$ cat input_4.cif   # mmCIF, C-alpha atoms
data_run
#
loop_
_atom_site.label_atom_id
_atom_site.label_comp_id
_atom_site.auth_asym_id
_atom_site.auth_seq_id
_atom_site.Cartn_x
_atom_site.Cartn_y
_atom_site.Cartn_z
CA MET A 688 -58.54 120.44 42.52
CA ASN A 689 -58.61 123.96 41.06
CA ILE A 690 -57.20 123.49 37.56
CA LYS A 691 -56.79 126.80 35.77
CA ALA A 692 -56.37 125.39 32.28
CA MET A 693 -59.25 126.20 29.94
CA SER A 694 -60.17 125.59 26.34
CA GLN A 695 -58.26 127.34 23.57
CA GLU A 696 -61.34 129.36 22.67
CA SER A 697 -61.98 130.87 26.10
CA ALA A 698 -58.61 130.75 27.86
CA PRO A 699 -55.71 133.17 27.76
CA THR A 700 -52.47 131.88 26.31
CA PRO A 701 -51.19 129.10 28.57
CA ASP A 702 -48.11 129.71 30.67
CA VAL A 703 -46.88 126.13 30.24
CA SER A 704 -47.25 123.65 27.37
CA VAL A 705 -46.47 120.00 28.12
CA ALA A 706 -45.38 117.86 25.15
CA VAL A 707 -46.03 114.11 25.42
CA PRO A 708 -44.87 111.67 22.72
CA ALA A 709 -46.91 108.45 22.83
CA LYS A 710 -46.75 105.20 20.90
CA ASP A 711 -49.18 102.46 21.99
CA GLU A 712 -49.67 103.96 25.46
CA ALA A 713 -53.48 103.72 25.77
CA GLU A 714 -53.26 102.16 29.25
CA ASN A 715 -50.67 104.60 30.64
CA LEU A 716 -51.99 107.93 29.35
CA PRO A 717 -55.07 108.59 31.55
CA LYS A 718 -53.12 108.31 34.81
CA LEU A 719 -50.20 110.30 33.39
CA LEU A 720 -52.51 113.10 32.20
CA ASP A 721 -54.23 113.24 35.60
CA GLU A 722 -50.81 113.58 37.25
CA ILE A 723 -49.69 116.34 34.88
CA ALA A 724 -52.87 118.29 35.62
CA GLY A 725 -52.31 117.90 39.35
CA ALA A 726 -48.70 119.03 39.12
CA LEU A 727 -49.70 122.19 37.21
CA SER A 728 -52.91 123.02 39.09
CA ASP A 729 -51.64 126.51 40.00
CA ARG A 730 -50.69 127.50 36.42
CA ARG A 731 -52.46 128.02 33.12
CA PHE A 732 -51.40 125.04 31.04
CA GLU A 733 -52.10 122.83 28.08
CA VAL A 734 -50.99 119.28 27.34
CA ILE A 735 -50.22 118.24 23.77
CA VAL A 736 -50.05 114.49 23.17
CA VAL A 737 -48.73 113.32 19.82
CA ASP A 738 -49.80 109.77 18.99
CA ASP A 739 -46.88 108.43 16.97
CA GLY A 740 -48.74 105.98 14.73
CA SER A 741 -50.10 103.81 17.56
CA GLN A 742 -51.74 100.48 16.75
CA ASP A 743 -53.60 100.05 20.06
CA GLY A 744 -56.47 102.17 21.39
CA THR A 745 -54.44 105.33 22.00
CA VAL A 746 -56.54 107.43 19.61
CA GLU A 747 -59.80 106.39 21.26
CA THR A 748 -58.33 106.93 24.74
CA LEU A 749 -57.22 110.46 23.86
CA ARG A 750 -60.54 111.31 22.21
CA ALA A 751 -62.49 110.17 25.26
CA TYR A 752 -60.19 111.94 27.72
CA ALA A 753 -60.24 115.21 25.77
CA ALA A 754 -64.04 115.31 25.94
CA GLY A 755 -63.85 116.03 29.66
CA HIS A 756 -60.54 117.89 29.79
CA PRO A 757 -60.39 120.93 27.48
CA TRP A 758 -56.72 121.57 28.26
CA LEU A 759 -55.77 118.42 26.31
CA ARG A 760 -54.79 118.76 22.66
CA ALA A 761 -54.18 115.51 20.79
CA LEU A 762 -52.35 115.16 17.46
CA ARG A 763 -51.54 112.06 15.45
CA HIS A 764 -48.79 110.93 13.12
CA ALA A 765 -50.43 108.77 10.43
CA GLU A 766 -47.44 106.42 10.75
CA ALA A 767 -44.72 106.04 13.34
CA CYS A 768 -42.00 108.66 12.80
CA GLY A 769 -40.04 108.21 16.02
CA GLN A 770 -39.82 109.87 19.42
CA SER A 771 -37.87 112.91 18.20
CA ALA A 772 -40.48 113.67 15.55
CA ALA A 773 -43.34 113.30 18.05
CA ILE A 774 -41.71 115.69 20.52
CA HIS A 775 -40.93 118.14 17.74
CA SER A 776 -44.54 118.09 16.47
CA ALA A 777 -45.87 118.73 19.98
CA LEU A 778 -43.48 121.58 20.70
CA HIS A 779 -44.25 123.30 17.40
CA ALA A 780 -47.94 123.20 18.31
CA ALA A 781 -47.26 124.60 21.79
CA ARG A 782 -48.46 128.07 22.79
CA GLY A 783 -46.96 128.44 26.27
CA ARG A 784 -44.04 130.62 27.36
CA TYR A 785 -42.44 127.48 28.74
CA VAL A 786 -42.52 124.05 27.11
CA VAL A 787 -42.03 120.85 29.09
CA THR A 788 -41.26 117.43 27.62
CA ILE A 789 -42.21 114.19 29.36
CA ASP A 790 -42.32 110.59 28.11
CA GLY A 791 -45.74 109.02 27.52
CA ASP A 792 -45.01 105.72 29.30
CA GLY A 793 -45.42 107.11 32.83
CA GLN A 794 -41.86 106.42 33.98
CA ASN A 795 -41.16 110.17 34.24
CA ASP A 796 -42.93 111.54 37.32
CA PRO A 797 -44.92 114.75 36.57
CA ALA A 798 -44.44 115.77 40.21
CA PHE A 799 -40.99 117.08 39.17
CA ILE A 800 -42.38 119.48 36.55
CA PRO A 801 -42.77 122.39 39.04
CA ALA A 802 -39.14 121.93 40.16
CA LEU A 803 -37.95 122.11 36.54
CA LEU A 804 -39.95 125.27 35.90
CA GLU A 805 -38.76 126.86 39.15
CA ALA A 806 -35.13 126.06 38.30
CA LEU A 807 -35.51 127.59 34.86
CA GLU A 808 -37.25 130.74 36.14
CA SER A 809 -34.82 131.18 39.05
CA ALA A 810 -31.81 131.01 36.75
CA GLY A 811 -33.05 134.02 34.79
CA PRO A 812 -33.32 134.76 31.06
CA LYS A 813 -29.81 133.49 30.30
CA ALA A 814 -30.96 129.95 31.12
CA GLY A 815 -32.68 128.24 28.20
CA LEU A 816 -33.16 124.70 29.50
CA ALA A 817 -33.77 122.87 32.79
CA ALA A 818 -32.80 119.24 32.22
CA GLY A 819 -33.92 116.38 34.43
CA GLN A 820 -31.28 113.84 35.44
CA ARG A 821 -32.58 110.47 36.56
CA LEU A 822 -31.78 108.79 39.86
CA GLY A 823 -32.53 105.12 40.52
CA ARG A 824 -33.36 104.24 36.91
CA LYS A 825 -35.99 101.53 36.51
CA ALA A 826 -34.69 99.81 33.39
CA SER A 827 -33.06 96.55 32.38
CA PRO A 828 -29.33 96.14 33.06
CA LEU A 829 -28.66 96.31 29.31
CA LYS A 830 -30.51 99.61 28.95
CA ARG A 831 -28.78 101.07 32.00
CA TRP A 832 -25.37 100.04 30.67
CA SER A 833 -26.06 101.35 27.16
CA SER A 834 -27.33 104.64 28.58
CA ARG A 835 -24.22 105.09 30.74
CA PHE A 836 -22.00 104.31 27.76
CA ALA A 837 -23.82 106.73 25.46
CA ASN A 838 -23.88 109.52 28.04
CA GLY A 839 -20.19 109.06 28.80
CA LEU A 840 -19.28 109.15 25.11
CA ARG A 841 -21.45 112.20 24.49
CA ARG A 842 -19.99 114.13 27.42
CA SER A 843 -16.43 113.36 26.39
CA VAL A 844 -17.04 114.61 22.84
CA LEU A 845 -19.52 117.47 23.33
CA ARG A 846 -18.55 118.72 26.81
CA ASP A 847 -22.16 119.58 27.63
CA ASP A 848 -21.78 118.88 31.40
CA THR A 849 -25.01 116.86 31.44
CA ARG A 850 -25.01 113.50 33.18
CA ASP A 851 -28.19 112.14 31.61
CA SER A 852 -29.30 113.78 28.36
CA GLY A 853 -31.78 110.96 27.67
CA CYS A 854 -34.14 111.87 30.51
CA GLY A 855 -37.53 112.77 29.04
CA LEU A 856 -38.25 115.46 31.65
CA LYS A 857 -37.04 118.84 30.40
CA ALA A 858 -38.31 122.43 30.50
CA LEU A 859 -37.36 125.03 27.88
CA ARG A 860 -38.19 128.60 27.06
CA ARG A 861 -40.29 128.35 23.91
CA GLU A 862 -38.33 131.06 22.08
CA VAL A 863 -35.15 129.04 22.67
CA PHE A 864 -36.71 125.86 21.30
CA LEU A 865 -37.71 127.68 18.11
CA ARG A 866 -34.06 128.52 17.44
CA LEU A 867 -32.80 124.93 17.60
CA PRO A 868 -31.95 122.84 14.52
CA TYR A 869 -33.95 119.64 14.06
CA PHE A 870 -32.74 116.16 13.07
CA ASP A 871 -33.45 112.58 14.09
CA SER A 872 -32.47 111.90 17.74
CA TRP A 873 -32.53 115.68 18.23
CA HIS A 874 -34.16 115.35 21.66
CA ARG A 875 -31.08 113.49 22.95
CA PHE A 876 -28.89 116.52 22.28
CA LEU A 877 -31.03 119.33 23.69
CA PRO A 878 -28.46 120.45 26.32
CA VAL A 879 -25.64 120.97 23.81
CA LEU A 880 -27.98 122.55 21.25
CA VAL A 881 -29.17 125.05 23.87
CA LEU A 882 -25.56 125.80 24.86
CA ARG A 883 -24.78 126.35 21.17
CA GLU A 884 -27.34 129.17 21.11
CA GLY A 885 -25.56 130.94 23.96
CA TYR A 886 -27.94 129.93 26.77
CA GLN A 887 -27.18 128.17 30.03
CA VAL A 888 -28.44 124.75 31.09
CA VAL A 889 -29.51 123.99 34.67
CA HIS A 890 -30.03 120.49 36.04
CA VAL A 891 -32.62 118.97 38.36
CA ASP A 892 -32.40 115.46 39.83
CA VAL A 893 -35.58 113.44 39.25
CA VAL A 894 -36.63 109.95 40.32
CA ASP A 895 -37.42 107.33 37.71
CA ARG A 896 -40.50 105.08 38.11
CA GLU A 897 -41.54 101.62 36.99
CA ARG A 898 -43.66 101.35 33.87
CA LEU A 899 -47.16 100.20 34.91
CA HIS A 900 -48.40 98.83 31.58
CA GLY A 901 -46.87 97.54 28.37
CA LYS A 902 -43.26 97.68 27.29
CA SER A 903 -40.95 100.16 25.64
CA LYS A 904 -41.89 100.97 22.02
CA TYR A 905 -38.58 102.68 21.23
CA GLY A 906 -35.57 100.38 21.11
CA ILE A 907 -32.26 100.55 22.93
CA VAL A 908 -30.53 102.14 19.94
CA ASP A 909 -33.21 104.86 19.72
CA ARG A 910 -33.11 105.47 23.46
CA ALA A 911 -29.43 105.34 24.27
CA LEU A 912 -26.76 104.34 21.78
CA VAL A 913 -25.77 107.42 19.84
CA GLY A 914 -24.70 106.81 16.24
CA ALA A 915 -21.22 108.00 15.37
CA LEU A 916 -22.56 110.17 12.54
CA ASP A 917 -25.13 111.85 14.83
CA LEU A 918 -22.47 112.60 17.43
CA LEU A 919 -20.05 113.91 14.82
CA GLY A 920 -22.81 116.02 13.27
CA VAL A 921 -23.72 117.69 16.56
CA TRP A 922 -20.02 118.28 17.33
CA TRP A 923 -19.73 119.98 13.91
CA LEU A 924 -22.87 122.07 14.50
CA ARG A 925 -21.53 123.37 17.79
CA ARG A 926 -18.14 124.27 16.34
CA ARG A 927 -19.75 126.10 13.41
CA ARG A 928 -21.49 128.56 15.75
CA ARG A 929 -18.61 131.03 15.87
CA SER A 930 -20.31 134.05 17.43
CA LEU A 931 -23.75 135.05 18.67
CA PRO A 932 -25.22 138.34 17.44
CA ASP A 933 -25.98 141.05 19.99
CA ILE A 934 -29.09 142.50 18.36
CA ARG A 935 -30.01 146.10 19.28
CA PRO A 936 -32.79 148.15 17.68
CA ILE A 937 -32.01 151.24 15.64
CA ALA A 938 -35.49 151.96 14.31
CA ASP A 939 -38.70 150.02 14.92
CA PRO A 940 -41.86 151.64 13.48
CA ALA A 941 -44.13 149.13 15.24
CA ALA A 942 -42.63 149.91 18.66
CA ASN A 943 -42.78 153.68 18.01
CA SER A 944 -46.45 153.37 17.05
CA MET A 945 -47.25 151.59 20.31
CA GLU A 946 -45.43 154.22 22.38
CA THR A 947 -47.33 157.10 20.73
CA GLY A 948 -50.68 155.33 20.79
CA GLY A 949 -50.86 155.33 16.98
#
$ encode --input "input_4.cif" --output "structure tokens"
Amino acid sequence: MNIKAMSQESAPTPDVSVAVPAKDEAENLPKLLDEIAGALSDRRFEVIVVDDGSQDGTVETLRAYAAGHPWLRALRHAEACGQSAAIHSALHAARGRYVVTIDGDGQNDPAFIPALLEALESAGPKAGLAAGQRLGRKASPLKRWSSRFANGLRRSVLRDDTRDSGCGLKALRREVFLRLPYFDSWHRFLPVLVLREGYQVVHVDVVDRERLHGKSKYGIVDRALVGALDLLGVWWLRRRRRSLPDIRPIADPAANSMETGG
């Protein structure tokens, strides 16, 4: 396999950064990382795993894997801060033009990452996010029901036209991510936050997989049930964005210097 990712010291800036939140996923990460590398073998990429205060051997697994794979960057939260915080830490460390999020438990299939990137690129610069929407979810009946309830409630209030905002597979333009407000459960509201900034959201159907090892470390409430205050807060944030500035340069000394070779 011809993987074009290189170390930070010798490689050009990666085209794609993949953000992976992980809590006690030592058994699932090696296979997931291999799959991500295979899916992105024709691009310059990096993978940033944030260990969210794991108590198993996740740190040792990442350290050993990174020794043979210079495209892997591993960060650690000293204590568990939650999935949103882990994703946020990874994306802030990202260097790629495009940033991709994927869950660390292996249930999201990395084979869909190219389709997300293609959908985002094909839609043009007005599209800020390509959101995966799961088919055939592999979860308990209670989780499936709570997810449907939460998604239905969110869509009725926020009108974001997204069937499944909880899917971990998403691709964003990095400059769009940097404009988004952050709060707990932020990753569940990415579609409406991107719409709030004046960008479009495109959707890609993806197929859910069974978890191979362990069990979910983030509870049903964290994964699906949206608190009334969170929902109200995001509704307020969207309404408060009255107009988007159309920024046009008048004078830019740095740009003039580049044009004249100064």
$ closest_residue --input "input_4.cif" --among "A:Asp796, A:Asp848, A:Asp895, A:Asp711" --to "A:Gly725" --atoms "all atoms listed in the file"
A:Asp796
$ closest_residue --input "input_4.cif" --among "A:Arg926, A:Glu808, A:Phe876, A:Phe870" --to "A:Val889" --atoms "only C-alpha atoms"
A:Glu808
$ resolve_selection --input "input_4.cif" --expression "the PyMOL selection byres ((chain A and resi 862-867) around 8)" --output "PyMOL selection string"
chain A and resi 779+784+815+859-861+868-869+880-881+884
$ atom_distance --input "input_4.cif" --atom1 "atom CA of A:Ala706" --atom2 "atom CA of A:Ala772"
11.6 Å
$ closest_residue --input "input_4.cif" --among "A:Val703, A:Ala781, A:Ala713, A:Ala765" --to "A:Ile735" --atoms "only C-alpha atoms"
A:Ala781
$ atom_distance --input "input_4.cif" --atom1 "atom CA of A:Ala818" --atom2 "atom CA of A:Ser741"
27.4 Å
$ closest_residue --input "input_4.cif" --among "A:Pro699, A:Gly853, A:Gly791, A:Pro878" --to "A:Gln820" --atoms "all atoms listed in the file"
A:Gly853
$ closest_residue --input "input_4.cif" --among "A:Gly793, A:Pro757, A:Pro717, A:Gly740" --to "A:Glu897" --atoms "all atoms listed in the file"
A:Gly793
$ resolve_selection --input "input_4.cif" --expression "the PyMOL selection byres ((chain A and resi 872) around 9)" --output "ChimeraX atom specification"
/A:769-772,869-871,873-876,909-910,913,917
$ residues_near_point --input "input_4.cif" --point "(-26.5, 114.6, 27.1)" --cutoff "6 Å" --atoms "only C-alpha atoms" --output "compact mmCIF listing (two decimals) with C-alpha atoms, keeping the file's coordinate frame"
# COMPACT_ATOMS: atom_id res chain seq x y z
CA ASN A 838 -23.88 109.52 28.04
CA THR A 849 -25.01 116.86 31.44
CA ASP A 851 -28.19 112.14 31.61
CA SER A 852 -29.30 113.78 28.36
CA PHE A 876 -28.89 116.52 22.28
$ atom_distance --input "input_4.cif" --atom1 "atom CA of A:His756" --atom2 "atom CA of A:Thr700"
16.5 Å
$ residues_near_point --input "input_4.cif" --point "(-36.9, 119.3, 30.7)" --cutoff "10 Å" --atoms "all atoms listed in the file" --output "count of residues only"
27
$ axis_aligned_box --input "input_4.cif" --around "stretch 884-900 of chain A" --padding-each-side "6 Å" --output "AutoDock Vina command-line options"
--center_x -37.0 --center_y 114.9 --center_z 30.7 --size_x 34.8 --size_y 44.1 --size_z 31.2
